[in-house]
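To start, the structure under review is shown below, and the notes come after it.
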Amino acid sequence: MKYLFLIASLSLSVSLFAQTKVVKKVATKSNNFGVTYSLPQTSLIVNIEVTKVACKAGPYYRYAEKYLGAKDVVTEDKVYYELGKINLINKGLPDADNTYVIEFKSGTVAPYVYLTEEGLLCTVNAEYAPVESELETVKKQQAAAVKVADVSVFSEELLMAGSITKEAEVAAKQIYRIRESRMNILTGESDHLPPDGEAMKLVIQQLEEQEKALTTLFTGICSEETSYYDITIIPHDDLEKEVLFRFSPLLGIVAADDLGGTPVYMNLRAIGRAPAPDIKEEAKKEKAMKGIIYNVPGKAAVEITMNKSALFKGEVQVTQFGSRESLAPVMFEDKKAPVKVYFYPETGAIKQIIQ
């Protein structure tokens with residue numbers, strides 16, 4: 001299969017996406033001095049931000065220009081969607097076809113490895129503290145997103161005005177009174193100044209909130225609700241104008257085959273691919289590889305577009321476009337100074353070797 005397609009709405013709860021956990025595995029006689037691990041295959045997570053905007057017209061929108069001089073107002077209730085930022089995140093998935101056993105000799109000094117919970121290799125003979133993954137970072141940023149609140153305020157005078165025209169006139173007068181009060185406090189001309197700086201700050205804030213709430217009765221208010229979606233692609237070859245999803249300003253994200261939305265395409269092209277091996281030579285290489293098998297990832301250029309405009313453009317490492325190599329067992333037989341190896345769990349590539 002060329003790729004895997006998955007789309008799902010995400011919650012903004014960080015607890016649903018906990019930090020990566022790792023497990024220490026010690027090679028002992030009980031496990032024949034061997035630890036099983038998997039190499040990862042690359043999955044690319046396309047993380048999409050979509051904002052639902054709900055606009056509600058104010059009851060006095062017809063009087064906005066007359067009383068406030070405001071021209072940019074909401075004149076009817078409506079809901080629409082905006083396509084926001086797109087992130088492309090590299091996440092390694094255990095490859096069942098590439099599972100190996102690290103075999104240590106019984107004389108090796110306290111050999112151990114760190115694996116992720118999924119069995120991906122992190123270190124050999126070295127302590128490992130998990131770092132926040134790219135996907136975890138994105139989810140935390142999304143959880144901190146601020147929502148716009150709908151606030152409104154009605155005074156007794158306003159509620160008893162009797163007609164919509166009179167209500168608008170009373171509301172406008174309240175707005176101008178609030179502005180005058182704020183200016184008098186700021187210039188020190190008020191007969192009842194706040195006792196200190198903190199009190200003044202609080203009073204000014206309350207006046208601004210009242211003014212904003214009254215102003216929305218004329219201009220209307222638009223509240224925003226942001227959602228996030230993930231599409232996971234497992235590439236095994238180049239992709240040309242692959243439809244990831246479709247987007248509609250009226251419906252938001254819709255399925256790739258829903259013609260009610262504009263298609264969003266992905267182009268993926270290998271720019272660093274290992275040469276295609278000869279079948280016989282590959283078999284010999286696999287048989288000869290011993291010790292610790294690791295990935296040497298390839299690289300791909302990725303572009304995501306809609307209406308010929310680029311939404312994302314960048315490069316990613318793809319293990320499926322690379323090759324596998326091995327570290328010789330003799331490297332780990334020094335009893336006095338065992339070699340330490342650090343790996344990138346998401347790609348299975350070597351990060352650092354310390355001898």
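Each chain of the structure tokens is named A, B, ... in the order shown, its residues numbered from 1; ligands are numbered from 1 in display order.
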Contacts of Ile204 in chain A at 12 Å (only C-alpha atoms; same-chain gap of 2+ positions) as a ChimeraX atom specification: /A:178-186,193-194,197-202,206-211
Residue nearest Lys85 in chain A - candidates A:Thr123, A:Ser248, A:Thr51, A:Thr232, atoms counted: only C-alpha atoms: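 Checking each candidate against Lys85 in chain A, we get A:Thr51 as the closest.
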Which of range 168-278 of chain A fall in helix (DSSP H, G or I), as number ranges by chain: A: 168-187, 197-219
Minimum-distance residue to Val131 in chain A, chosen among A:Thr116, A:Ala96, A:Ala57, A:Thr165 (using only C-alpha atoms):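 Closest to Val131 in chain A of all the choices is A:Thr116.
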Picked from range 56-246 of chain A by DSSP as strand (DSSP E or B), as a VMD selection string: chain A and resid 56 78 to 103 112 to 116 120 to 124 221 to 233 239 to 246
Export of prior selection with C-alpha atoms as a PDB file, in the first residue's frame:
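Contents of the output file again.pdb:
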```
ATOM      1  CA  LYS A  56     -23.735  37.504  15.656  1.00  0.00           C
ATOM      2  CA  LYS A  78     -23.277  33.776  10.028  1.00  0.00           C
ATOM      3  CA  VAL A  79     -20.815  30.951  10.556  1.00  0.00           C
ATOM      4  CA  TYR A  80     -17.716  30.334   8.468  1.00  0.00           C
ATOM      5  CA  TYR A  81     -14.403  28.453   8.713  1.00  0.00           C
ATOM      6  CA  GLU A  82     -10.816  29.568   8.239  1.00  0.00           C
ATOM      7  CA  LEU A  83      -7.911  27.278   7.392  1.00  0.00           C
ATOM      8  CA  GLY A  84      -4.996  28.130   9.673  1.00  0.00           C
ATOM      9  CA  LYS A  85      -1.457  26.904  10.208  1.00  0.00           C
ATOM     10  CA  ILE A  86      -0.311  23.515   8.910  1.00  0.00           C
ATOM     11  CA  ASN A  87       2.503  21.602  10.646  1.00  0.00           C
ATOM     12  CA  LEU A  88       4.286  18.543   9.266  1.00  0.00           C
ATOM     13  CA  ILE A  89       5.630  16.275  12.006  1.00  0.00           C
ATOM     14  CA  ASN A  90       7.910  13.257  11.643  1.00  0.00           C
ATOM     15  CA  LYS A  91       6.832  10.365  13.867  1.00  0.00           C
ATOM     16  CA  GLY A  92       8.415   6.930  13.916  1.00  0.00           C
ATOM     17  CA  LEU A  93       6.208   3.843  14.015  1.00  0.00           C
ATOM     18  CA  PRO A  94       7.580   0.392  14.904  1.00  0.00           C
ATOM     19  CA  ASP A  95       8.216  -1.587  11.733  1.00  0.00           C
ATOM     20  CA  ALA A  96       7.174  -5.201  12.339  1.00  0.00           C
ATOM     21  CA  ASP A  97       9.293  -6.285   9.361  1.00  0.00           C
ATOM     22  CA  ASN A  98      12.445  -4.850  10.936  1.00  0.00           C
ATOM     23  CA  THR A  99      12.610  -6.234  14.463  1.00  0.00           C
ATOM     24  CA  TYR A 100      15.997  -7.329  15.823  1.00  0.00           C
ATOM     25  CA  VAL A 101      17.696  -8.671  18.925  1.00  0.00           C
ATOM     26  CA  ILE A 102      20.766  -7.003  20.419  1.00  0.00           C
ATOM     27  CA  GLU A 103      22.958  -9.856  21.644  1.00  0.00           C
ATOM     28  CA  TYR A 112      21.577  -2.294  28.897  1.00  0.00           C
ATOM     29  CA  VAL A 113      19.463  -0.335  26.445  1.00  0.00           C
ATOM     30  CA  TYR A 114      16.665   2.207  26.622  1.00  0.00           C
ATOM     31  CA  LEU A 115      13.588   1.650  24.475  1.00  0.00           C
ATOM     32  CA  THR A 116      10.419   3.639  23.959  1.00  0.00           C
ATOM     33  CA  LEU A 120      12.114   1.781  19.430  1.00  0.00           C
ATOM     34  CA  LEU A 121      15.799   2.058  20.278  1.00  0.00           C
ATOM     35  CA  CYS A 122      16.965   5.161  22.221  1.00  0.00           C
ATOM     36  CA  THR A 123      20.393   4.291  23.666  1.00  0.00           C
ATOM     37  CA  VAL A 124      22.830   1.452  24.227  1.00  0.00           C
ATOM     38  CA  ILE A 221     -19.413  40.047  17.887  1.00  0.00           C
ATOM     39  CA  CYS A 222     -17.506  37.183  16.323  1.00  0.00           C
ATOM     40  CA  SER A 223     -16.478  34.283  18.549  1.00  0.00           C
ATOM     41  CA  GLU A 224     -13.803  31.798  17.500  1.00  0.00           C
ATOM     42  CA  GLU A 225     -13.465  28.089  18.194  1.00  0.00           C
ATOM     43  CA  THR A 226     -10.271  26.420  17.025  1.00  0.00           C
ATOM     44  CA  SER A 227     -10.021  22.700  16.250  1.00  0.00           C
ATOM     45  CA  TYR A 228      -7.084  20.581  15.120  1.00  0.00           C
ATOM     46  CA  TYR A 229      -6.996  17.606  12.787  1.00  0.00           C
ATOM     47  CA  ASP A 230      -4.321  15.038  12.000  1.00  0.00           C
ATOM     48  CA  ILE A 231      -3.753  13.254   8.721  1.00  0.00           C
ATOM     49  CA  THR A 232      -1.123  10.505   8.817  1.00  0.00           C
ATOM     50  CA  ILE A 233       0.801   9.556   5.684  1.00  0.00           C
ATOM     51  CA  LEU A 239       3.417  11.461  -4.199  1.00  0.00           C
ATOM     52  CA  GLU A 240       2.150  13.825  -6.881  1.00  0.00           C
ATOM     53  CA  LYS A 241      -0.909  16.004  -6.179  1.00  0.00           C
ATOM     54  CA  GLU A 242      -2.202  13.569  -3.589  1.00  0.00           C
ATOM     55  CA  VAL A 243      -5.466  14.919  -2.153  1.00  0.00           C
ATOM     56  CA  LEU A 244      -5.049  15.050   1.629  1.00  0.00           C
ATOM     57  CA  PHE A 245      -8.471  16.557   2.328  1.00  0.00           C
ATOM     58  CA  ARG A 246     -10.810  19.240   1.036  1.00  0.00           C
TER      59      ARG A 246
END
```
Shortest interatomic distance to Leu311 in chain A - which of A:Asn125, A:Gln352, A:Asn267, A:Thr347, counting only C-alpha atoms: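 Smallest separation from Leu311 in chain A among the options: A:Asn267.
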For range 59-75 of chain A, please output as a PDB file with N, CA and C atoms, in the first residue's frame all residues within 6 Å (counting only C-alpha atoms; exclusion window: fewer than 6 positions along the same chain).
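Final output, out_17.pdb:
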```pdb
ATOM      1  N   ALA A 168     -30.800  52.249  21.292  1.00  0.00           N
ATOM      2  CA  ALA A 168     -29.517  52.529  20.643  1.00  0.00           C
ATOM      3  C   ALA A 168     -28.973  53.877  21.097  1.00  0.00           C
ATOM      4  N   LEU A 217     -23.028  45.763  20.888  1.00  0.00           N
ATOM      5  CA  LEU A 217     -24.453  45.864  20.594  1.00  0.00           C
ATOM      6  C   LEU A 217     -24.682  46.564  19.255  1.00  0.00           C
ATOM      7  N   PHE A 218     -23.690  47.357  18.836  1.00  0.00           N
ATOM      8  CA  PHE A 218     -23.756  48.047  17.556  1.00  0.00           C
ATOM      9  C   PHE A 218     -22.975  47.286  16.467  1.00  0.00           C
ATOM     10  N   THR A 219     -21.753  46.900  16.817  1.00  0.00           N
ATOM     11  CA  THR A 219     -20.856  46.302  15.816  1.00  0.00           C
ATOM     12  C   THR A 219     -21.048  44.803  15.663  1.00  0.00           C
ATOM     13  N   GLY A 220     -21.686  44.152  16.655  1.00  0.00           N
ATOM     14  CA  GLY A 220     -21.793  42.703  16.638  1.00  0.00           C
ATOM     15  C   GLY A 220     -20.549  42.070  17.232  1.00  0.00           C
TER      16      GLY A 220
END
```
Closest of A:Leu44, A:Leu250, A:Val302, A:Leu327 to Met289 in chain A - atom-to-atom distances counting only C-alpha atoms: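 Ranked by minimum distance to Met289 in chain A, first place goes to A:Leu327.
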Point-to-point distance in Å for CA of Phe321 in chain A and CA of Ile234 in chain A: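 That distance, rounded to one decimal, is 11.5 Å.
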Option closest in space to Ala54 in chain A, from A:Glu76, A:Lys351, A:Gly272, A:Tyr294 [counting only C-alpha atoms]: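 Of the candidates, the smallest distance to Ala54 in chain A is held by A:Glu76.
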